[in-house]
$ cat model28.cif   # mmCIF, N, CA and C atoms
data_run
#
loop_
_atom_site.label_atom_id
_atom_site.label_comp_id
_atom_site.auth_asym_id
_atom_site.auth_seq_id
_atom_site.Cartn_x
_atom_site.Cartn_y
_atom_site.Cartn_z
N MET W 1 48.30 55.99 116.25
CA MET W 1 48.51 54.79 117.03
C MET W 1 47.82 54.89 118.38
N GLN W 2 47.73 56.12 118.95
CA GLN W 2 47.12 56.27 120.27
C GLN W 2 45.66 55.85 120.28
N ASP W 3 44.94 56.09 119.18
CA ASP W 3 43.53 55.71 119.16
C ASP W 3 43.37 54.19 119.21
N LYS W 4 44.30 53.45 118.59
CA LYS W 4 44.25 52.00 118.67
C LYS W 4 44.54 51.52 120.10
N ILE W 5 45.46 52.19 120.75
CA ILE W 5 45.80 51.83 122.13
C ILE W 5 44.60 52.08 123.04
N ILE W 6 43.90 53.17 122.81
CA ILE W 6 42.69 53.46 123.59
C ILE W 6 41.67 52.34 123.37
N GLU W 7 41.50 51.90 122.13
CA GLU W 7 40.56 50.81 121.84
C GLU W 7 40.92 49.55 122.62
N ILE W 8 42.21 49.24 122.68
CA ILE W 8 42.67 48.05 123.40
C ILE W 8 42.44 48.22 124.90
N ILE W 9 42.76 49.40 125.43
CA ILE W 9 42.52 49.68 126.85
C ILE W 9 41.05 49.52 127.18
N VAL W 10 40.20 50.05 126.33
CA VAL W 10 38.75 49.94 126.55
C VAL W 10 38.33 48.47 126.54
N TYR W 11 38.86 47.70 125.60
CA TYR W 11 38.52 46.27 125.53
C TYR W 11 38.96 45.56 126.82
N ILE W 12 40.20 45.80 127.26
CA ILE W 12 40.72 45.14 128.46
C ILE W 12 39.92 45.54 129.69
N LEU W 13 39.66 46.83 129.84
CA LEU W 13 38.94 47.30 131.03
C LEU W 13 37.49 46.84 131.02
N ASN W 14 36.90 46.73 129.85
CA ASN W 14 35.54 46.21 129.75
C ASN W 14 35.51 44.75 130.21
N GLU W 15 36.51 43.99 129.81
CA GLU W 15 36.60 42.60 130.24
C GLU W 15 36.82 42.51 131.75
N VAL W 16 37.66 43.37 132.29
CA VAL W 16 37.93 43.38 133.74
C VAL W 16 36.66 43.76 134.50
N LYS W 17 35.91 44.71 133.97
CA LYS W 17 34.66 45.12 134.62
C LYS W 17 33.64 43.99 134.66
N GLU W 18 33.76 43.08 133.71
CA GLU W 18 32.86 41.92 133.68
C GLU W 18 33.42 40.78 134.52
N SER W 19 34.27 41.13 135.48
CA SER W 19 34.85 40.21 136.47
C SER W 19 35.79 39.17 135.89
N LYS W 20 36.44 39.51 134.79
CA LYS W 20 37.45 38.62 134.26
C LYS W 20 38.82 39.05 134.80
N LYS W 21 39.68 38.10 135.00
CA LYS W 21 41.06 38.38 135.37
C LYS W 21 41.84 38.61 134.09
N LEU W 22 42.95 39.33 134.21
CA LEU W 22 43.76 39.61 133.03
C LEU W 22 44.20 38.32 132.34
N ASN W 23 44.49 37.29 133.12
CA ASN W 23 44.92 36.01 132.54
C ASN W 23 43.81 35.33 131.75
N ASP W 24 42.55 35.66 132.03
CA ASP W 24 41.42 35.02 131.37
C ASP W 24 40.96 35.73 130.10
N ILE W 25 41.54 36.88 129.82
CA ILE W 25 41.12 37.66 128.65
C ILE W 25 41.72 37.04 127.39
N ASP W 26 40.89 36.88 126.37
CA ASP W 26 41.31 36.28 125.11
C ASP W 26 41.94 37.37 124.23
N PHE W 27 43.28 37.38 124.21
CA PHE W 27 43.98 38.40 123.45
C PHE W 27 44.13 38.03 121.98
N SER W 28 43.82 36.79 121.65
CA SER W 28 43.85 36.41 120.24
C SER W 28 42.78 37.20 119.48
N PHE W 29 41.72 37.59 120.19
CA PHE W 29 40.68 38.43 119.58
C PHE W 29 41.29 39.73 119.08
N LEU W 30 42.17 40.33 119.89
CA LEU W 30 42.81 41.59 119.50
C LEU W 30 43.76 41.39 118.32
N VAL W 31 44.53 40.32 118.37
CA VAL W 31 45.47 40.03 117.29
C VAL W 31 44.70 39.78 115.99
N ASN W 32 43.61 39.04 116.09
CA ASN W 32 42.79 38.75 114.91
C ASN W 32 42.13 40.00 114.34
N ARG W 33 41.93 41.01 115.17
CA ARG W 33 41.34 42.27 114.69
C ARG W 33 42.39 43.21 114.11
N GLY W 34 43.67 42.77 114.10
CA GLY W 34 44.71 43.54 113.43
C GLY W 34 45.57 44.41 114.33
N TYR W 35 45.40 44.28 115.63
CA TYR W 35 46.25 45.06 116.54
C TYR W 35 47.62 44.40 116.64
N SER W 36 48.66 45.23 116.66
CA SER W 36 50.02 44.70 116.74
C SER W 36 50.39 44.37 118.18
N ASP W 37 51.44 43.58 118.33
CA ASP W 37 51.95 43.26 119.67
C ASP W 37 52.38 44.53 120.39
N THR W 38 52.96 45.47 119.65
CA THR W 38 53.40 46.73 120.25
C THR W 38 52.21 47.51 120.82
N GLU W 39 51.12 47.57 120.07
CA GLU W 39 49.94 48.28 120.55
C GLU W 39 49.35 47.60 121.78
N ILE W 40 49.28 46.29 121.76
CA ILE W 40 48.75 45.55 122.91
C ILE W 40 49.66 45.73 124.12
N ASN W 41 50.97 45.64 123.90
CA ASN W 41 51.93 45.84 124.99
C ASN W 41 51.85 47.24 125.56
N THR W 42 51.66 48.22 124.70
CA THR W 42 51.56 49.61 125.15
C THR W 42 50.32 49.81 126.01
N ALA W 43 49.22 49.20 125.61
CA ALA W 43 47.98 49.29 126.41
C ALA W 43 48.20 48.68 127.79
N PHE W 44 48.85 47.53 127.82
CA PHE W 44 49.15 46.90 129.11
C PHE W 44 50.11 47.76 129.93
N ALA W 45 51.08 48.35 129.27
CA ALA W 45 52.04 49.20 129.97
C ALA W 45 51.33 50.37 130.63
N TRP W 46 50.36 50.95 129.93
CA TRP W 46 49.61 52.07 130.50
C TRP W 46 48.83 51.60 131.72
N ILE W 47 48.14 50.47 131.60
CA ILE W 47 47.35 49.95 132.73
C ILE W 47 48.26 49.65 133.91
N TYR W 48 49.36 48.96 133.65
CA TYR W 48 50.27 48.61 134.75
C TYR W 48 50.94 49.84 135.35
N SER W 49 51.24 50.85 134.53
CA SER W 49 51.86 52.07 135.08
C SER W 49 50.90 52.79 136.01
N LYS W 50 49.61 52.80 135.65
CA LYS W 50 48.61 53.40 136.53
C LYS W 50 48.53 52.64 137.85
N LEU W 51 48.49 51.32 137.76
CA LEU W 51 48.42 50.50 138.97
C LEU W 51 49.68 50.66 139.81
N ASP W 52 50.83 50.70 139.14
CA ASP W 52 52.11 50.82 139.84
C ASP W 52 52.23 52.16 140.58
N GLN W 53 51.65 53.21 139.99
CA GLN W 53 51.70 54.53 140.61
C GLN W 53 50.59 54.72 141.64
N GLY W 54 49.78 53.69 141.82
CA GLY W 54 48.70 53.76 142.81
C GLY W 54 47.50 54.54 142.33
N GLU W 55 47.44 54.82 141.05
CA GLU W 55 46.30 55.57 140.51
C GLU W 55 45.15 54.62 140.23
N LYS W 56 43.97 55.15 140.30
CA LYS W 56 42.79 54.37 139.96
C LYS W 56 42.55 54.46 138.46
N ILE W 57 42.31 53.31 137.87
CA ILE W 57 42.02 53.30 136.44
C ILE W 57 40.56 53.68 136.21
N PHE W 58 39.68 53.10 137.03
CA PHE W 58 38.27 53.42 136.92
C PHE W 58 37.98 54.63 137.78
N LYS W 59 37.34 55.62 137.20
CA LYS W 59 36.97 56.82 137.94
C LYS W 59 35.87 56.48 138.92
N GLU W 60 35.91 57.12 140.07
CA GLU W 60 34.89 56.86 141.09
C GLU W 60 33.56 57.44 140.65
N GLU W 61 32.53 56.66 140.83
CA GLU W 61 31.18 57.15 140.57
C GLU W 61 30.72 57.95 141.77
N ASN W 62 30.08 59.05 141.52
CA ASN W 62 29.49 59.82 142.60
C ASN W 62 28.12 59.22 142.88
N LYS W 63 28.05 58.46 143.96
CA LYS W 63 26.81 57.73 144.29
C LYS W 63 25.66 58.67 144.63
N ASN W 64 25.97 59.91 145.02
CA ASN W 64 24.93 60.86 145.39
C ASN W 64 24.25 61.49 144.18
N VAL W 65 24.92 61.44 143.04
CA VAL W 65 24.38 62.06 141.84
C VAL W 65 23.62 61.00 141.05
N LYS W 66 22.37 61.25 140.82
CA LYS W 66 21.52 60.30 140.10
C LYS W 66 21.19 60.80 138.70
N SER W 67 21.78 61.92 138.32
CA SER W 67 21.46 62.47 137.01
C SER W 67 22.49 62.06 135.97
N LYS W 68 22.11 62.17 134.71
CA LYS W 68 22.99 61.90 133.58
C LYS W 68 23.07 63.16 132.74
N ARG W 69 24.22 63.36 132.15
CA ARG W 69 24.41 64.53 131.31
C ARG W 69 23.86 64.26 129.92
N PHE W 70 23.13 65.21 129.40
CA PHE W 70 22.63 65.13 128.04
C PHE W 70 23.40 66.12 127.19
N LEU W 71 23.57 65.80 125.94
CA LEU W 71 24.26 66.71 125.04
C LEU W 71 23.35 67.85 124.63
N HIS W 72 23.93 69.03 124.59
CA HIS W 72 23.25 70.22 124.10
C HIS W 72 23.09 70.08 122.58
N ASN W 73 22.10 70.77 122.04
CA ASN W 73 21.88 70.70 120.59
C ASN W 73 23.11 71.11 119.79
N ALA W 74 23.86 72.09 120.28
CA ALA W 74 25.09 72.51 119.60
C ALA W 74 26.12 71.38 119.60
N GLU W 75 26.22 70.67 120.71
CA GLU W 75 27.14 69.54 120.81
C GLU W 75 26.69 68.40 119.89
N LYS W 76 25.39 68.15 119.87
CA LYS W 76 24.84 67.10 119.00
C LYS W 76 25.12 67.39 117.53
N SER W 77 25.08 68.67 117.16
CA SER W 77 25.29 69.01 115.75
C SER W 77 26.74 68.81 115.32
N ILE W 78 27.67 68.88 116.27
CA ILE W 78 29.09 68.72 115.94
C ILE W 78 29.51 67.26 116.02
N LEU W 79 29.01 66.53 117.01
CA LEU W 79 29.44 65.15 117.23
C LEU W 79 28.67 64.18 116.36
N SER W 80 29.40 63.26 115.74
CA SER W 80 28.72 62.18 115.02
C SER W 80 28.09 61.25 116.06
N THR W 81 27.16 60.44 115.62
CA THR W 81 26.51 59.49 116.52
C THR W 81 27.54 58.55 117.13
N GLU W 82 28.50 58.09 116.32
CA GLU W 82 29.53 57.18 116.81
C GLU W 82 30.42 57.86 117.85
N ALA W 83 30.77 59.12 117.61
CA ALA W 83 31.64 59.86 118.53
C ALA W 83 30.95 60.08 119.88
N SER W 84 29.69 60.49 119.85
CA SER W 84 28.98 60.71 121.11
C SER W 84 28.73 59.39 121.83
N GLY W 85 28.45 58.33 121.07
CA GLY W 85 28.25 57.01 121.67
C GLY W 85 29.52 56.50 122.34
N TYR W 86 30.65 56.75 121.73
CA TYR W 86 31.93 56.31 122.29
C TYR W 86 32.23 57.06 123.59
N LEU W 87 31.95 58.35 123.60
CA LEU W 87 32.15 59.15 124.80
C LEU W 87 31.25 58.64 125.94
N ILE W 88 30.02 58.35 125.61
CA ILE W 88 29.08 57.83 126.62
C ILE W 88 29.56 56.47 127.12
N MET W 89 30.03 55.62 126.22
CA MET W 89 30.50 54.30 126.62
C MET W 89 31.68 54.40 127.60
N LEU W 90 32.63 55.28 127.31
CA LEU W 90 33.78 55.42 128.21
C LEU W 90 33.37 56.00 129.56
N ARG W 91 32.37 56.86 129.54
CA ARG W 91 31.85 57.40 130.81
C ARG W 91 31.16 56.31 131.61
N GLU W 92 30.37 55.48 130.94
CA GLU W 92 29.68 54.39 131.61
C GLU W 92 30.64 53.33 132.14
N LEU W 93 31.77 53.15 131.46
CA LEU W 93 32.80 52.22 131.94
C LEU W 93 33.60 52.81 133.10
N ASN W 94 33.35 54.09 133.41
CA ASN W 94 34.09 54.84 134.43
C ASN W 94 35.55 55.02 134.07
N LEU W 95 35.86 54.96 132.78
CA LEU W 95 37.21 55.29 132.35
C LEU W 95 37.37 56.81 132.32
N LEU W 96 36.25 57.51 132.16
CA LEU W 96 36.23 58.97 132.22
C LEU W 96 35.31 59.39 133.36
N SER W 97 35.68 60.47 134.02
CA SER W 97 34.82 61.04 135.06
C SER W 97 33.88 62.06 134.42
N ASP W 98 32.96 62.57 135.22
CA ASP W 98 32.09 63.65 134.73
C ASP W 98 32.92 64.84 134.29
N ALA W 99 33.94 65.17 135.09
CA ALA W 99 34.81 66.30 134.76
C ALA W 99 35.59 66.04 133.46
N ASP W 100 36.04 64.81 133.26
CA ASP W 100 36.75 64.46 132.02
C ASP W 100 35.83 64.63 130.82
N GLU W 101 34.60 64.16 130.96
CA GLU W 101 33.63 64.28 129.87
C GLU W 101 33.40 65.76 129.54
N GLU W 102 33.23 66.57 130.56
CA GLU W 102 33.03 68.01 130.34
C GLU W 102 34.25 68.64 129.67
N LEU W 103 35.44 68.24 130.12
CA LEU W 103 36.66 68.79 129.54
C LEU W 103 36.78 68.43 128.06
N ILE W 104 36.48 67.20 127.72
CA ILE W 104 36.55 66.78 126.32
C ILE W 104 35.54 67.56 125.48
N LEU W 105 34.31 67.66 125.98
CA LEU W 105 33.29 68.40 125.23
C LEU W 105 33.66 69.88 125.11
N GLU W 106 34.24 70.44 126.15
CA GLU W 106 34.67 71.84 126.11
C GLU W 106 35.77 72.02 125.07
N ARG W 107 36.74 71.14 125.05
CA ARG W 107 37.83 71.23 124.06
C ARG W 107 37.28 71.12 122.65
N ILE W 108 36.33 70.23 122.45
CA ILE W 108 35.74 70.05 121.12
C ILE W 108 35.01 71.32 120.70
N MET W 109 34.21 71.86 121.60
CA MET W 109 33.42 73.05 121.26
C MET W 109 34.32 74.25 120.96
N PHE W 110 35.42 74.37 121.70
CA PHE W 110 36.33 75.51 121.49
C PHE W 110 37.32 75.27 120.35
N SER W 111 37.35 74.06 119.81
CA SER W 111 38.28 73.75 118.73
C SER W 111 37.88 74.41 117.42
N GLY W 112 36.60 74.72 117.30
CA GLY W 112 36.11 75.32 116.06
C GLY W 112 35.80 74.31 114.98
N MET W 113 35.88 73.05 115.30
CA MET W 113 35.60 72.01 114.30
C MET W 113 34.11 72.01 113.96
N GLN W 114 33.84 71.71 112.71
CA GLN W 114 32.45 71.66 112.25
C GLN W 114 31.81 70.31 112.52
N LYS W 115 32.64 69.24 112.46
CA LYS W 115 32.15 67.88 112.68
C LYS W 115 33.24 67.06 113.34
N VAL W 116 32.87 66.31 114.36
CA VAL W 116 33.80 65.44 115.06
C VAL W 116 33.32 64.00 114.88
N ASP W 117 34.14 63.21 114.17
CA ASP W 117 33.80 61.81 113.98
C ASP W 117 34.48 60.96 115.06
N LEU W 118 34.33 59.66 114.95
CA LEU W 118 34.87 58.75 115.96
C LEU W 118 36.38 58.86 116.07
N LYS W 119 37.07 58.96 114.95
CA LYS W 119 38.54 59.04 114.97
C LYS W 119 39.01 60.29 115.71
N VAL W 120 38.39 61.41 115.44
CA VAL W 120 38.75 62.66 116.10
C VAL W 120 38.43 62.58 117.59
N MET W 121 37.28 61.98 117.92
CA MET W 121 36.91 61.82 119.33
C MET W 121 37.95 60.98 120.06
N LYS W 122 38.41 59.92 119.43
CA LYS W 122 39.42 59.07 120.06
C LYS W 122 40.71 59.85 120.29
N ASN W 123 41.05 60.76 119.39
CA ASN W 123 42.24 61.58 119.58
C ASN W 123 42.09 62.53 120.77
N PHE W 124 40.91 63.13 120.91
CA PHE W 124 40.65 64.00 122.07
C PHE W 124 40.75 63.19 123.37
N ILE W 125 40.17 62.00 123.36
CA ILE W 125 40.18 61.16 124.55
C ILE W 125 41.60 60.68 124.86
N ALA W 126 42.34 60.31 123.82
CA ALA W 126 43.73 59.87 124.03
C ALA W 126 44.57 60.98 124.64
N SER W 127 44.38 62.21 124.17
CA SER W 127 45.16 63.32 124.73
C SER W 127 44.84 63.53 126.20
N LEU W 128 43.60 63.27 126.59
CA LEU W 128 43.23 63.41 128.01
C LEU W 128 43.74 62.23 128.83
N ILE W 129 43.52 61.02 128.35
CA ILE W 129 43.91 59.84 129.11
C ILE W 129 45.43 59.73 129.24
N PHE W 130 46.14 60.00 128.16
CA PHE W 130 47.60 59.92 128.22
C PHE W 130 48.20 61.22 128.74
N ASP W 131 47.36 62.23 128.95
CA ASP W 131 47.76 63.48 129.60
C ASP W 131 48.92 64.17 128.88
N PHE W 132 48.83 64.26 127.55
CA PHE W 132 49.91 64.86 126.77
C PHE W 132 50.15 66.32 127.11
N GLU W 133 49.08 67.08 127.37
CA GLU W 133 49.24 68.51 127.59
C GLU W 133 49.97 68.84 128.88
N ASN W 134 49.83 68.00 129.90
CA ASN W 134 50.40 68.31 131.20
C ASN W 134 51.73 67.63 131.47
N LYS W 135 52.32 67.00 130.50
CA LYS W 135 53.60 66.34 130.70
C LYS W 135 54.71 67.25 130.20
N SER W 136 55.54 67.70 131.13
CA SER W 136 56.63 68.57 130.73
C SER W 136 57.85 67.75 130.31
N ASP W 137 58.02 66.58 130.90
CA ASP W 137 59.16 65.73 130.60
C ASP W 137 58.73 64.68 129.58
N ILE W 138 59.40 64.67 128.46
CA ILE W 138 59.01 63.72 127.40
C ILE W 138 59.14 62.28 127.85
N LEU W 139 60.00 62.02 128.84
CA LEU W 139 60.15 60.65 129.32
C LEU W 139 58.93 60.19 130.11
N GLU W 140 58.12 61.13 130.59
CA GLU W 140 56.92 60.77 131.33
C GLU W 140 55.79 60.34 130.41
N ARG W 141 55.90 60.64 129.14
CA ARG W 141 54.85 60.29 128.19
C ARG W 141 54.95 58.83 127.82
N LEU W 142 53.80 58.25 127.55
CA LEU W 142 53.75 56.86 127.13
C LEU W 142 53.65 56.83 125.61
N VAL W 143 54.80 56.90 124.95
CA VAL W 143 54.83 56.86 123.50
C VAL W 143 55.83 55.79 123.10
N ILE W 144 55.37 54.84 122.35
CA ILE W 144 56.23 53.74 121.92
C ILE W 144 56.22 53.70 120.41
N GLN W 145 57.39 53.49 119.85
CA GLN W 145 57.51 53.41 118.41
C GLN W 145 57.01 52.05 117.92
N ASN W 146 56.77 51.92 116.65
CA ASN W 146 56.22 50.68 116.09
C ASN W 146 57.12 49.47 116.29
N ASN W 147 58.41 49.68 116.45
CA ASN W 147 59.31 48.54 116.58
C ASN W 147 59.71 48.28 118.05
N ASP W 148 59.15 49.00 119.00
CA ASP W 148 59.46 48.80 120.43
C ASP W 148 58.68 47.63 120.98
N THR W 149 59.25 46.99 121.99
CA THR W 149 58.60 45.88 122.66
C THR W 149 58.71 46.09 124.17
N ILE W 150 57.64 45.80 124.87
CA ILE W 150 57.64 45.85 126.33
C ILE W 150 57.63 44.43 126.83
N HIS W 151 58.48 44.15 127.77
CA HIS W 151 58.54 42.78 128.33
C HIS W 151 58.07 42.78 129.75
#
$ encode --input "model28.cif" --output "structure tokens"
Amino acid sequence: MQDKIIEIIVYILNEVKESKKLNDIDFSFLVNRGYSDTEINTAFAWIYSKLDQGEKIFKEENKNVKSKRFLHNAEKSILSTEASGYLIMLRELNLLSDADEELILERIMFSGMQKVDLKVMKNFIASLIFDFENKSDILERLVIQNNDTIH
């Protein structure tokens, strides 16, 4: 379910980056694509929780750095085209920082996996964005069951 929530967050933030207000975003598009109300509500809850805690959703771009990271041949051999493209897209949206991108690639390389497809990449990204590893209190995690509703 977390990978679907990431997809919704990416959709919402992409729309916001294109100067749309949350009220102007067409959410029927998400419903028509098969996302549940719970998944959409959870994505909004994550966005609002970040804003409520004063955290920045978009990572700051380092204006002094004019370079882009290229994948090493070893990384290219493990990542599918879709997985690497998704990682690049999230970096370009500033949903991930340079350090986040490095951390995800490092985790993938040390995982011992032979191939990482888009679904697996979304799981790695979800674990970083939702910060599952660093949450000691289960109540701090953003996990909603299929029958939960956020109002």
$ residues_around --input "model28.cif" --residues "stretch 101-104 of chain W" --least-positions-apart "2" --cutoff "8 Å" --atoms "all atoms listed in the file" --output "MDAnalysis selection string"
chainID W and resid 87 91 95:99 106:110 124:125 128
$ write_last_selection --input "model28.cif" --atoms "N, CA and C atoms" --output "PDB file, in the frame of the given file"
ATOM      1  N   LEU W  87      31.950  58.350 123.600  1.00  0.00           N
ATOM      2  CA  LEU W  87      32.150  59.150 124.800  1.00  0.00           C
ATOM      3  C   LEU W  87      31.250  58.640 125.940  1.00  0.00           C
ATOM      4  N   ARG W  91      32.370  56.860 129.540  1.00  0.00           N
ATOM      5  CA  ARG W  91      31.850  57.400 130.810  1.00  0.00           C
ATOM      6  C   ARG W  91      31.160  56.310 131.610  1.00  0.00           C
ATOM      7  N   LEU W  95      35.860  54.960 132.780  1.00  0.00           N
ATOM      8  CA  LEU W  95      37.210  55.290 132.350  1.00  0.00           C
ATOM      9  C   LEU W  95      37.370  56.810 132.320  1.00  0.00           C
ATOM     10  N   LEU W  96      36.250  57.510 132.160  1.00  0.00           N
ATOM     11  CA  LEU W  96      36.230  58.970 132.220  1.00  0.00           C
ATOM     12  C   LEU W  96      35.310  59.390 133.360  1.00  0.00           C
ATOM     13  N   SER W  97      35.680  60.470 134.020  1.00  0.00           N
ATOM     14  CA  SER W  97      34.820  61.040 135.060  1.00  0.00           C
ATOM     15  C   SER W  97      33.880  62.060 134.420  1.00  0.00           C
ATOM     16  N   ASP W  98      32.960  62.570 135.220  1.00  0.00           N
ATOM     17  CA  ASP W  98      32.090  63.650 134.730  1.00  0.00           C
ATOM     18  C   ASP W  98      32.920  64.840 134.290  1.00  0.00           C
ATOM     19  N   ALA W  99      33.940  65.170 135.090  1.00  0.00           N
ATOM     20  CA  ALA W  99      34.810  66.300 134.760  1.00  0.00           C
ATOM     21  C   ALA W  99      35.590  66.040 133.460  1.00  0.00           C
ATOM     22  N   GLU W 106      34.240  70.440 126.150  1.00  0.00           N
ATOM     23  CA  GLU W 106      34.670  71.840 126.110  1.00  0.00           C
ATOM     24  C   GLU W 106      35.770  72.020 125.070  1.00  0.00           C
ATOM     25  N   ARG W 107      36.740  71.140 125.050  1.00  0.00           N
ATOM     26  CA  ARG W 107      37.830  71.230 124.060  1.00  0.00           C
ATOM     27  C   ARG W 107      37.280  71.120 122.650  1.00  0.00           C
ATOM     28  N   ILE W 108      36.330  70.230 122.450  1.00  0.00           N
ATOM     29  CA  ILE W 108      35.740  70.050 121.120  1.00  0.00           C
ATOM     30  C   ILE W 108      35.010  71.320 120.700  1.00  0.00           C
ATOM     31  N   MET W 109      34.210  71.860 121.600  1.00  0.00           N
ATOM     32  CA  MET W 109      33.420  73.050 121.260  1.00  0.00           C
ATOM     33  C   MET W 109      34.320  74.250 120.960  1.00  0.00           C
ATOM     34  N   PHE W 110      35.420  74.370 121.700  1.00  0.00           N
ATOM     35  CA  PHE W 110      36.330  75.510 121.490  1.00  0.00           C
ATOM     36  C   PHE W 110      37.320  75.270 120.350  1.00  0.00           C
ATOM     37  N   PHE W 124      40.910  63.130 120.910  1.00  0.00           N
ATOM     38  CA  PHE W 124      40.650  64.000 122.070  1.00  0.00           C
ATOM     39  C   PHE W 124      40.750  63.190 123.370  1.00  0.00           C
ATOM     40  N   ILE W 125      40.170  62.000 123.360  1.00  0.00           N
ATOM     41  CA  ILE W 125      40.180  61.160 124.550  1.00  0.00           C
ATOM     42  C   ILE W 125      41.600  60.680 124.860  1.00  0.00           C
ATOM     43  N   LEU W 128      43.600  63.270 126.590  1.00  0.00           N
ATOM     44  CA  LEU W 128      43.230  63.410 128.010  1.00  0.00           C
ATOM     45  C   LEU W 128      43.740  62.230 128.830  1.00  0.00           C
TER      46      LEU W 128
END
$ residues_around --input "model28.cif" --residues "W:Ala126" --least-positions-apart "6" --cutoff "8 Å" --atoms "only N, CA and C atoms" --output "list of chain:residue names"
W:Gln2, W:Asp3, W:Ile5, W:Ile6, W:Val120, W:Phe132
$ residues_around --input "model28.cif" --residues "W:Thr81" --least-positions-apart "3" --cutoff "10 Å" --atoms "only C-alpha atoms" --output "list in words"
Lys76, Ser77, Ile78, Ser84, Gly85, Tyr86, Val116, Asp117 and Leu118 of chain W
$ atom_distance --input "model28.cif" --atom1 "atom CA of W:Ala45" --atom2 "atom N of W:Leu22"
14.1 Å
$ atom_distance --input "model28.cif" --atom1 "atom CA of W:Asp26" --atom2 "atom C of W:Trp46"
18.3 Å
$ atom_distance --input "model28.cif" --atom1 "atom N of W:Thr38" --atom2 "atom C of W:Lys20"
21.7 Å
$ axis_aligned_box --input "model28.cif" --around "stretch 20-35 of chain W" --padding-each-side "5 Å" --output "AutoDock Vina command-line options"
--center_x 42.0 --center_y 40.0 --center_z 124.4 --size_x 21.2 --size_y 20.0 --size_z 31.9
$ resolve_selection --input "model28.cif" --expression "the PyMOL selection byres (((chain W and resi 44 and name CA) around 10) and name CA)" --output "NGL selection string"
:W and (5 or 8-9 or 12 or 22 or 38-43 or 45-50 or 150)
$ closest_residue --input "model28.cif" --among "W:Glu92, W:Glu18, W:Glu75, W:Asp131" --to "W:Met113" --atoms "only C-alpha atoms"
W:Glu75
